[in-house]
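Novice: My file is final.txt. It has compact mmCIF, N, CA and C atoms and all ligand atoms:
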# COMPACT_ATOMS: atom_id res chain seq x y z
N MET B 1489 0.85 -1.18 0.00
CA MET B 1489 0.00 0.00 0.00
C MET B 1489 0.89 1.24 0.00
N GLU B 1490 0.55 2.12 -0.83
CA GLU B 1490 1.33 3.34 -0.89
C GLU B 1490 0.89 4.30 0.22
N ARG B 1491 1.81 5.21 0.54
CA ARG B 1491 1.55 6.16 1.63
C ARG B 1491 0.28 6.96 1.40
N LYS B 1492 0.05 7.40 0.19
CA LYS B 1492 -1.13 8.19 -0.13
C LYS B 1492 -2.41 7.39 0.09
N ASP B 1493 -2.43 6.11 -0.34
CA ASP B 1493 -3.60 5.25 -0.14
C ASP B 1493 -3.86 5.02 1.35
N PHE B 1494 -2.76 4.79 2.09
CA PHE B 1494 -2.89 4.56 3.52
C PHE B 1494 -3.56 5.76 4.22
N ILE B 1495 -3.09 6.97 3.91
CA ILE B 1495 -3.63 8.19 4.53
C ILE B 1495 -5.10 8.37 4.17
N GLU B 1496 -5.43 8.06 2.91
CA GLU B 1496 -6.82 8.19 2.49
C GLU B 1496 -7.73 7.24 3.28
N GLN B 1497 -7.27 5.97 3.44
CA GLN B 1497 -8.10 4.99 4.13
C GLN B 1497 -8.24 5.32 5.62
N VAL B 1498 -7.15 5.73 6.26
CA VAL B 1498 -7.21 6.08 7.68
C VAL B 1498 -8.11 7.30 7.87
N GLY B 1499 -8.00 8.27 7.00
CA GLY B 1499 -8.82 9.47 7.10
C GLY B 1499 -10.29 9.15 6.93
N LEU B 1500 -10.61 8.29 6.00
CA LEU B 1500 -12.00 7.88 5.77
C LEU B 1500 -12.56 7.16 6.99
N SER B 1501 -11.80 6.27 7.58
CA SER B 1501 -12.25 5.53 8.77
C SER B 1501 -12.49 6.48 9.93
N ALA B 1502 -11.57 7.40 10.13
CA ALA B 1502 -11.72 8.35 11.24
C ALA B 1502 -12.96 9.21 11.04
N ALA B 1503 -13.21 9.66 9.82
CA ALA B 1503 -14.39 10.47 9.54
C ALA B 1503 -15.66 9.66 9.79
N SER B 1504 -15.67 8.37 9.42
CA SER B 1504 -16.84 7.53 9.64
C SER B 1504 -17.14 7.39 11.12
N ILE B 1505 -16.10 7.20 11.90
CA ILE B 1505 -16.28 7.06 13.35
C ILE B 1505 -16.86 8.35 13.94
N LEU B 1506 -16.35 9.49 13.52
CA LEU B 1506 -16.84 10.77 14.04
C LEU B 1506 -18.30 10.98 13.67
N ILE B 1507 -18.66 10.71 12.42
CA ILE B 1507 -20.04 10.93 11.97
C ILE B 1507 -20.99 10.00 12.72
N PHE B 1508 -20.61 8.72 12.87
CA PHE B 1508 -21.46 7.76 13.56
C PHE B 1508 -21.68 8.19 15.01
N GLY B 1509 -20.61 8.61 15.67
CA GLY B 1509 -20.71 9.05 17.05
C GLY B 1509 -21.61 10.25 17.21
N CYS B 1510 -21.49 11.18 16.28
CA CYS B 1510 -22.33 12.39 16.34
C CYS B 1510 -23.79 12.06 16.12
N MET B 1511 -24.06 11.15 15.18
CA MET B 1511 -25.45 10.78 14.91
C MET B 1511 -26.07 10.12 16.13
N GLN B 1512 -25.31 9.30 16.83
CA GLN B 1512 -25.86 8.67 18.04
C GLN B 1512 -26.12 9.72 19.12
N GLY B 1513 -25.19 10.63 19.27
CA GLY B 1513 -25.32 11.64 20.33
C GLY B 1513 -26.36 12.68 20.02
N CYS B 1514 -26.59 12.95 18.74
CA CYS B 1514 -27.50 14.03 18.37
C CYS B 1514 -28.93 13.56 18.11
N SER B 1515 -29.13 12.25 17.99
CA SER B 1515 -30.46 11.78 17.64
C SER B 1515 -31.38 11.81 18.84
N LYS B 1516 -32.70 11.89 18.56
CA LYS B 1516 -33.69 11.86 19.63
C LYS B 1516 -33.81 10.44 20.13
N SER B 1517 -34.09 10.33 21.37
CA SER B 1517 -34.25 9.02 21.96
C SER B 1517 -35.72 8.76 22.21
N ASP B 1518 -36.20 7.58 21.88
CA ASP B 1518 -37.58 7.22 22.16
C ASP B 1518 -37.70 6.55 23.52
N SER B 1519 -36.59 6.34 24.18
CA SER B 1519 -36.65 5.67 25.48
C SER B 1519 -37.21 6.62 26.53
N PRO B 1520 -37.87 6.08 27.56
CA PRO B 1520 -38.44 6.93 28.59
C PRO B 1520 -37.36 7.63 29.40
N ALA B 1521 -37.78 8.67 30.13
CA ALA B 1521 -36.84 9.41 30.97
C ALA B 1521 -36.19 8.48 31.98
N PRO B 1522 -34.95 8.72 32.30
CA PRO B 1522 -34.28 7.83 33.25
C PRO B 1522 -34.95 7.89 34.62
N LYS B 1523 -34.97 6.75 35.28
CA LYS B 1523 -35.56 6.69 36.61
C LYS B 1523 -34.52 7.13 37.63
N PRO B 1524 -34.99 7.67 38.76
CA PRO B 1524 -34.02 8.07 39.79
C PRO B 1524 -33.31 6.84 40.31
N PRO B 1525 -32.09 7.03 40.79
CA PRO B 1525 -31.36 5.89 41.33
C PRO B 1525 -32.12 5.24 42.47
N THR B 1526 -31.90 3.96 42.66
CA THR B 1526 -32.56 3.23 43.73
C THR B 1526 -32.27 3.90 45.07
N GLY B 1527 -33.30 3.99 45.90
CA GLY B 1527 -33.12 4.59 47.22
C GLY B 1527 -33.44 6.07 47.24
N THR B 1528 -33.74 6.66 46.08
CA THR B 1528 -34.13 8.07 46.07
C THR B 1528 -35.58 8.17 45.65
N THR B 1529 -36.20 9.29 45.91
CA THR B 1529 -37.58 9.50 45.51
C THR B 1529 -37.69 10.79 44.73
N ASN B 1530 -38.75 10.89 43.95
CA ASN B 1530 -39.00 12.13 43.24
C ASN B 1530 -39.43 13.16 44.26
N PRO B 1531 -39.18 14.46 43.99
CA PRO B 1531 -39.65 15.48 44.94
C PRO B 1531 -41.16 15.46 45.01
N PRO B 1532 -41.74 15.76 46.18
CA PRO B 1532 -43.20 15.74 46.28
C PRO B 1532 -43.79 16.85 45.44
N PRO B 1533 -45.01 16.65 44.92
CA PRO B 1533 -45.65 17.70 44.12
C PRO B 1533 -45.89 18.93 44.99
N VAL B 1534 -45.83 20.10 44.35
CA VAL B 1534 -46.06 21.35 45.08
C VAL B 1534 -47.54 21.44 45.45
N LYS B 1535 -47.81 21.65 46.74
CA LYS B 1535 -49.19 21.73 47.20
C LYS B 1535 -49.72 23.14 46.98
N ALA B 1536 -50.96 23.22 46.59
CA ALA B 1536 -51.60 24.52 46.42
C ALA B 1536 -51.79 25.16 47.79
N ILE B 1537 -51.67 26.48 47.81
CA ILE B 1537 -51.89 27.23 49.05
C ILE B 1537 -53.36 27.15 49.43
N ASP B 1538 -53.62 26.73 50.66
CA ASP B 1538 -54.98 26.68 51.18
C ASP B 1538 -54.89 26.52 52.69
N PHE B 1539 -55.05 27.63 53.39
CA PHE B 1539 -55.00 27.55 54.84
C PHE B 1539 -55.97 28.58 55.43
N THR B 1540 -56.29 28.36 56.69
CA THR B 1540 -57.25 29.22 57.37
C THR B 1540 -56.64 29.72 58.67
N ILE B 1541 -56.87 31.00 58.95
CA ILE B 1541 -56.38 31.59 60.20
C ILE B 1541 -57.56 32.20 60.93
N ASN B 1542 -57.46 32.25 62.25
CA ASN B 1542 -58.47 32.93 63.05
C ASN B 1542 -57.92 34.31 63.37
N ILE B 1543 -58.58 35.33 62.84
CA ILE B 1543 -58.02 36.68 62.95
C ILE B 1543 -58.12 37.26 64.36
N THR B 1544 -58.76 36.53 65.27
CA THR B 1544 -58.80 37.01 66.66
C THR B 1544 -57.65 36.42 67.48
N ASN B 1545 -56.91 35.50 66.88
CA ASN B 1545 -55.80 34.87 67.60
C ASN B 1545 -54.46 35.48 67.19
N ASN B 1546 -53.52 35.48 68.14
CA ASN B 1546 -52.15 35.87 67.80
C ASN B 1546 -51.57 34.84 66.84
N PRO B 1547 -50.79 35.23 65.88
CA PRO B 1547 -50.28 36.58 65.63
C PRO B 1547 -51.07 37.34 64.56
N TYR B 1548 -52.34 36.99 64.41
CA TYR B 1548 -53.12 37.55 63.29
C TYR B 1548 -54.00 38.74 63.69
N THR B 1549 -53.92 39.18 64.93
CA THR B 1549 -54.86 40.19 65.43
C THR B 1549 -54.77 41.53 64.71
N SER B 1550 -53.66 41.76 64.00
CA SER B 1550 -53.56 43.01 63.23
C SER B 1550 -54.63 43.05 62.15
N LEU B 1551 -55.17 41.90 61.80
CA LEU B 1551 -56.20 41.85 60.76
C LEU B 1551 -57.60 42.15 61.31
N ASN B 1552 -57.69 42.36 62.62
CA ASN B 1552 -58.97 42.70 63.23
C ASN B 1552 -59.42 44.11 62.91
N ALA B 1553 -58.47 44.96 62.55
CA ALA B 1553 -58.81 46.37 62.28
C ALA B 1553 -58.59 46.68 60.81
N ALA B 1554 -59.44 47.53 60.28
CA ALA B 1554 -59.28 47.98 58.90
C ALA B 1554 -57.92 48.65 58.75
N GLY B 1555 -57.21 48.30 57.69
CA GLY B 1555 -55.88 48.86 57.44
C GLY B 1555 -54.74 48.01 57.98
N GLY B 1556 -55.09 46.97 58.72
CA GLY B 1556 -54.04 46.11 59.27
C GLY B 1556 -53.54 45.09 58.26
N PHE B 1557 -52.37 44.58 58.53
CA PHE B 1557 -51.86 43.52 57.64
C PHE B 1557 -50.96 42.57 58.41
N TYR B 1558 -50.77 41.40 57.85
CA TYR B 1558 -49.95 40.37 58.47
C TYR B 1558 -49.14 39.68 57.37
N VAL B 1559 -47.86 39.43 57.65
CA VAL B 1559 -47.01 38.71 56.70
C VAL B 1559 -46.82 37.28 57.20
N ASP B 1560 -47.30 36.34 56.44
CA ASP B 1560 -47.13 34.92 56.75
C ASP B 1560 -45.81 34.47 56.12
N LYS B 1561 -44.78 34.33 56.96
CA LYS B 1561 -43.45 34.00 56.43
C LYS B 1561 -43.33 32.53 56.06
N THR B 1562 -44.25 31.71 56.53
CA THR B 1562 -44.23 30.30 56.15
C THR B 1562 -44.58 30.14 54.68
N ASN B 1563 -45.61 30.86 54.26
CA ASN B 1563 -46.07 30.75 52.87
C ASN B 1563 -45.67 31.93 52.00
N ASN B 1564 -44.98 32.91 52.61
CA ASN B 1564 -44.59 34.14 51.89
C ASN B 1564 -45.80 34.81 51.25
N ILE B 1565 -46.77 35.08 52.12
CA ILE B 1565 -47.99 35.75 51.67
C ILE B 1565 -48.26 36.93 52.61
N ILE B 1566 -48.60 38.07 52.05
CA ILE B 1566 -49.01 39.22 52.86
C ILE B 1566 -50.53 39.33 52.75
N ILE B 1567 -51.17 39.38 53.92
CA ILE B 1567 -52.63 39.43 54.00
C ILE B 1567 -52.97 40.80 54.58
N ALA B 1568 -53.88 41.49 53.94
CA ALA B 1568 -54.22 42.83 54.42
C ALA B 1568 -55.73 42.99 54.49
N ARG B 1569 -56.14 43.89 55.38
CA ARG B 1569 -57.54 44.27 55.49
C ARG B 1569 -57.62 45.72 55.07
N THR B 1570 -58.31 45.97 54.00
CA THR B 1570 -58.36 47.33 53.46
C THR B 1570 -59.21 48.22 54.36
N LEU B 1571 -59.16 49.51 54.09
CA LEU B 1571 -59.96 50.44 54.88
C LEU B 1571 -61.45 50.25 54.65
N THR B 1572 -61.80 49.53 53.57
CA THR B 1572 -63.21 49.21 53.33
C THR B 1572 -63.54 47.79 53.77
N ASN B 1573 -62.63 47.20 54.58
CA ASN B 1573 -62.84 45.89 55.20
C ASN B 1573 -62.88 44.71 54.24
N GLU B 1574 -62.16 44.84 53.14
CA GLU B 1574 -61.97 43.68 52.26
C GLU B 1574 -60.65 43.02 52.67
N PHE B 1575 -60.60 41.70 52.57
CA PHE B 1575 -59.34 41.00 52.83
C PHE B 1575 -58.68 40.69 51.49
N ILE B 1576 -57.41 41.01 51.41
CA ILE B 1576 -56.65 40.77 50.18
C ILE B 1576 -55.36 40.05 50.55
N ALA B 1577 -54.86 39.27 49.61
CA ALA B 1577 -53.64 38.51 49.89
C ALA B 1577 -52.85 38.36 48.59
N VAL B 1578 -51.57 38.62 48.69
CA VAL B 1578 -50.66 38.46 47.55
C VAL B 1578 -49.33 37.90 48.07
N SER B 1579 -48.49 37.49 47.17
CA SER B 1579 -47.14 37.06 47.55
C SER B 1579 -46.45 38.21 48.27
N SER B 1580 -45.75 37.88 49.37
CA SER B 1580 -45.15 38.95 50.19
C SER B 1580 -43.75 39.34 49.74
N LEU B 1581 -43.20 38.66 48.76
CA LEU B 1581 -41.83 38.95 48.32
C LEU B 1581 -41.85 39.74 47.02
N CYS B 1582 -41.19 40.88 47.06
CA CYS B 1582 -41.10 41.72 45.87
C CYS B 1582 -40.50 40.92 44.71
N THR B 1583 -41.08 41.10 43.55
CA THR B 1583 -40.59 40.36 42.39
C THR B 1583 -39.29 40.95 41.83
N HIS B 1584 -38.84 42.05 42.40
CA HIS B 1584 -37.56 42.62 41.94
C HIS B 1584 -36.40 41.87 42.59
N GLN B 1585 -36.29 41.97 43.92
CA GLN B 1585 -35.19 41.27 44.60
C GLN B 1585 -35.63 40.67 45.92
N GLN B 1586 -36.86 40.24 45.99
CA GLN B 1586 -37.39 39.44 47.10
C GLN B 1586 -37.39 40.12 48.47
N VAL B 1587 -37.48 41.44 48.52
CA VAL B 1587 -37.64 42.12 49.80
C VAL B 1587 -39.11 41.96 50.23
N THR B 1588 -39.33 41.77 51.53
CA THR B 1588 -40.69 41.60 52.04
C THR B 1588 -41.46 42.92 51.96
N LEU B 1589 -42.69 42.82 51.48
CA LEU B 1589 -43.52 44.00 51.24
C LEU B 1589 -44.26 44.46 52.49
N ASP B 1590 -44.72 45.70 52.47
CA ASP B 1590 -45.62 46.26 53.47
C ASP B 1590 -46.92 46.63 52.75
N TYR B 1591 -47.98 46.77 53.55
CA TYR B 1591 -49.24 47.25 53.00
C TYR B 1591 -49.44 48.69 53.45
N GLN B 1592 -49.72 49.58 52.52
CA GLN B 1592 -50.00 50.98 52.85
C GLN B 1592 -51.49 51.20 52.71
N ALA B 1593 -52.17 51.18 53.85
CA ALA B 1593 -53.63 51.24 53.86
C ALA B 1593 -54.17 52.53 53.25
N ASN B 1594 -53.52 53.64 53.59
CA ASN B 1594 -54.05 54.93 53.10
C ASN B 1594 -54.01 55.04 51.58
N ASN B 1595 -53.07 54.37 50.96
CA ASN B 1595 -52.98 54.37 49.49
C ASN B 1595 -53.50 53.07 48.89
N ASN B 1596 -53.89 52.14 49.74
CA ASN B 1596 -54.43 50.84 49.32
C ASN B 1596 -53.52 50.16 48.30
N ARG B 1597 -52.27 49.95 48.72
CA ARG B 1597 -51.28 49.33 47.82
C ARG B 1597 -50.19 48.67 48.65
N PHE B 1598 -49.39 47.87 47.98
CA PHE B 1598 -48.27 47.21 48.63
C PHE B 1598 -46.99 47.94 48.23
N TYR B 1599 -46.11 48.09 49.23
CA TYR B 1599 -44.90 48.89 49.04
C TYR B 1599 -43.66 48.05 49.35
N CYS B 1600 -42.64 48.21 48.53
CA CYS B 1600 -41.36 47.53 48.77
C CYS B 1600 -40.34 48.59 49.19
N SER B 1601 -39.79 48.39 50.39
CA SER B 1601 -38.79 49.34 50.90
C SER B 1601 -37.42 49.11 50.25
N GLY B 1602 -37.29 48.01 49.50
CA GLY B 1602 -36.01 47.73 48.84
C GLY B 1602 -35.62 48.83 47.86
N HIS B 1603 -36.44 49.03 46.85
CA HIS B 1603 -36.14 50.03 45.83
C HIS B 1603 -37.38 50.80 45.43
N GLY B 1604 -38.43 50.69 46.23
CA GLY B 1604 -39.59 51.55 46.04
C GLY B 1604 -40.67 51.05 45.10
N SER B 1605 -40.65 49.79 44.73
CA SER B 1605 -41.73 49.31 43.86
C SER B 1605 -43.06 49.38 44.58
N LEU B 1606 -44.10 49.60 43.81
CA LEU B 1606 -45.46 49.64 44.34
C LEU B 1606 -46.32 48.64 43.57
N PHE B 1607 -47.22 47.99 44.30
CA PHE B 1607 -48.10 46.99 43.69
C PHE B 1607 -49.54 47.29 44.10
N SER B 1608 -50.46 47.01 43.19
CA SER B 1608 -51.88 47.21 43.48
C SER B 1608 -52.38 46.11 44.42
N THR B 1609 -53.62 46.21 44.81
CA THR B 1609 -54.21 45.20 45.70
C THR B 1609 -54.36 43.84 45.01
N THR B 1610 -54.28 43.84 43.69
CA THR B 1610 -54.33 42.56 42.98
C THR B 1610 -52.93 42.05 42.64
N GLY B 1611 -51.91 42.81 43.02
CA GLY B 1611 -50.52 42.38 42.78
C GLY B 1611 -49.90 42.96 41.52
N ALA B 1612 -50.65 43.75 40.76
CA ALA B 1612 -50.10 44.35 39.54
C ALA B 1612 -49.04 45.39 39.89
N VAL B 1613 -48.02 45.48 39.05
CA VAL B 1613 -46.97 46.48 39.27
C VAL B 1613 -47.53 47.87 38.96
N LEU B 1614 -47.40 48.78 39.93
CA LEU B 1614 -47.79 50.17 39.72
C LEU B 1614 -46.57 51.02 39.39
N THR B 1615 -45.47 50.72 40.10
CA THR B 1615 -44.21 51.43 39.91
C THR B 1615 -43.07 50.44 40.06
N GLY B 1616 -42.09 50.50 39.15
CA GLY B 1616 -40.92 49.62 39.21
C GLY B 1616 -39.92 50.10 40.23
N PRO B 1617 -38.77 49.46 40.26
CA PRO B 1617 -38.19 48.64 39.21
C PRO B 1617 -38.76 47.23 39.03
N ALA B 1618 -39.58 46.75 39.95
CA ALA B 1618 -40.17 45.42 39.73
C ALA B 1618 -40.93 45.45 38.40
N ALA B 1619 -40.82 44.35 37.66
CA ALA B 1619 -41.48 44.28 36.35
C ALA B 1619 -42.55 43.19 36.31
N THR B 1620 -42.58 42.35 37.32
CA THR B 1620 -43.50 41.21 37.32
C THR B 1620 -44.50 41.37 38.45
N ALA B 1621 -45.74 41.02 38.16
CA ALA B 1621 -46.81 41.11 39.15
C ALA B 1621 -46.59 40.10 40.27
N LEU B 1622 -47.20 40.41 41.41
CA LEU B 1622 -47.22 39.47 42.53
C LEU B 1622 -48.30 38.44 42.29
N LYS B 1623 -48.14 37.27 42.87
CA LYS B 1623 -49.20 36.26 42.79
C LYS B 1623 -50.32 36.68 43.74
N GLN B 1624 -51.54 36.61 43.26
CA GLN B 1624 -52.69 36.98 44.07
C GLN B 1624 -53.37 35.71 44.59
N TYR B 1625 -53.86 35.78 45.82
CA TYR B 1625 -54.59 34.66 46.42
C TYR B 1625 -56.01 35.09 46.73
N LYS B 1626 -56.90 34.11 46.80
CA LYS B 1626 -58.29 34.38 47.14
C LYS B 1626 -58.44 34.36 48.65
N THR B 1627 -59.44 35.04 49.13
CA THR B 1627 -59.73 35.01 50.57
C THR B 1627 -61.23 34.92 50.78
N THR B 1628 -61.62 34.23 51.84
CA THR B 1628 -63.03 34.26 52.27
C THR B 1628 -63.05 34.30 53.80
N LEU B 1629 -63.90 35.12 54.33
CA LEU B 1629 -64.03 35.24 55.78
C LEU B 1629 -65.33 34.59 56.21
N THR B 1630 -65.23 33.67 57.14
CA THR B 1630 -66.39 33.03 57.73
C THR B 1630 -66.28 33.19 59.24
N GLY B 1631 -67.12 34.04 59.80
CA GLY B 1631 -66.95 34.36 61.22
C GLY B 1631 -65.62 35.07 61.41
N ASN B 1632 -64.77 34.49 62.25
CA ASN B 1632 -63.43 35.05 62.45
C ASN B 1632 -62.37 34.27 61.67
N ASN B 1633 -62.80 33.28 60.91
CA ASN B 1633 -61.85 32.43 60.18
C ASN B 1633 -61.66 32.94 58.75
N LEU B 1634 -60.43 33.26 58.46
CA LEU B 1634 -60.09 33.78 57.13
C LEU B 1634 -59.34 32.68 56.38
N ARG B 1635 -59.92 32.28 55.26
CA ARG B 1635 -59.28 31.27 54.41
C ARG B 1635 -58.50 31.97 53.31
N ILE B 1636 -57.27 31.54 53.09
CA ILE B 1636 -56.42 32.06 52.02
C ILE B 1636 -56.12 30.87 51.11
N PHE B 1637 -56.41 31.03 49.84
CA PHE B 1637 -56.28 29.87 48.96
C PHE B 1637 -56.07 30.30 47.51
N GLU B 1638 -55.68 29.31 46.70
CA GLU B 1638 -55.45 29.57 45.26
C GLU B 1638 -56.70 29.23 44.48
S1 LIG J 1 -36.52 44.58 45.97
FE1 LIG J 1 -38.44 45.52 45.73
S2 LIG J 1 -38.06 47.14 44.41
FE2 LIG J 1 -36.14 46.15 44.55
Take the structure I supplied and represent it as structure tokens, if you would.
Ligand code: FES
Specialist:
Amino acid sequence: MERKDFIEQVGLSAASILIFGCMQGCSKSDSPAPKPPTGTTNPPPVKAIDFTINITNNPYTSLNAAGGFYVDKTNNIIIARTLTNEFIAVSSLCTHQQVTLDYQANNNRFYCSGHGSLFSTTGAVLTGPAATALKQYKTTLTGNNLRIFE
């Protein structure tokens, strides 16, 4: 075999190996998603928010008066009672950089002391720098029990 023929054959073989390898790596697989290793479990599904508080009990008594609010740090929800006695609830973390919000009853809005973002009672951005709305939750009051839910 001459040197030129040898180089041609080796080059062709190397190119075939590269192309075959790429086709295997780039092709879609019809096989199911891999299972977690034995002894591990999938993370539990995220539960929808649904809880009830008694507004006459600590630490929720601030909700007994119009204009009061309470931040539930377990669920990251701020619950407020407007001056017209409506209960409202939104995510308590600013969508800009996760600073905990306050409720400003006189202006009926949520305020972030981080950089001054303002949110409406439904969680819509009124003033940035936050660009994303807060998640809003539903509320129902039965007696002194306030349910907050999705
Ligand atoms: S963290 Fe709320 S405006 Fe920046």
Novice: What is the atom CA of Gln1624 of chain B-atom CA of Pro1533 of chain B distance in Å, reported with one decimal?
Specialist: 20.5 Å
Novice: Can you tell me how far atom N of Ser1550 of chain B sits from atom CA of Glu1638 of chain B, in Å to one decimal?
Specialist: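 Result for atom N of Ser1550 of chain B versus atom CA of Glu1638 of chain B: 22.4 Å, one decimal.
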Novice: Calculated over all atoms listed in the file, which of the candidates B:Ile1566, B:Ala1619, B:Gly1556, B:Lys1626 has the smallest distance to Leu1581 of chain B?
Specialist: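 Result for the nearest residue to Leu1581 of chain B: B:Ile1566.
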Novice: Could you please extract the residues within 7 Å of ligand LIG 1 (chain J), counting only C-alpha atoms and all ligand atoms, and hand them back as a list in words?
Specialist: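 Counting only C-alpha atoms and all ligand atoms, the residues within 7 Å of ligand LIG 1 (chain J) come out as Cys1582, Thr1583, His1584, Gln1585, Gln1586, Val1587, Cys1600, Ser1601, Gly1602, His1603, Gly1604, Ser1605, Gly1616, Pro1617 and Ala1618 of chain B.
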Novice: Taking only segment 1538-1624 of chain B into account, list the residues labelled helix (DSSP H, G or I) by DSSP (computed from the backbone), as a PDB file with N, CA and C atoms, keeping the file's coordinate frame.
Specialist:
ATOM      1  N   THR B1549     -53.920  39.180  64.930  1.00  0.00           N
ATOM      2  CA  THR B1549     -54.860  40.190  65.430  1.00  0.00           C
ATOM      3  C   THR B1549     -54.770  41.530  64.710  1.00  0.00           C
ATOM      4  N   SER B1550     -53.660  41.760  64.000  1.00  0.00           N
ATOM      5  CA  SER B1550     -53.560  43.010  63.230  1.00  0.00           C
ATOM      6  C   SER B1550     -54.630  43.050  62.150  1.00  0.00           C
ATOM      7  N   LEU B1551     -55.170  41.900  61.800  1.00  0.00           N
ATOM      8  CA  LEU B1551     -56.200  41.850  60.760  1.00  0.00           C
ATOM      9  C   LEU B1551     -57.600  42.150  61.310  1.00  0.00           C
ATOM     10  N   ASN B1552     -57.690  42.360  62.620  1.00  0.00           N
ATOM     11  CA  ASN B1552     -58.970  42.700  63.230  1.00  0.00           C
ATOM     12  C   ASN B1552     -59.420  44.110  62.910  1.00  0.00           C
TER      13      ASN B1552
END
Novice: Could you state the separation of atom CA of Thr1570 of chain B and atom CA of Leu1614 of chain B in Å, given to one decimal place?
Specialist: 17.6 Å
Novice: Find the residue from B:Leu1606, B:Val1613, B:Leu1622, B:Ala1554 that sits nearest to Ser1580 of chain B; use only C-alpha atoms when measuring.
Specialist: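 For Ser1580 of chain B, the nearest of the given residues is B:Leu1622.
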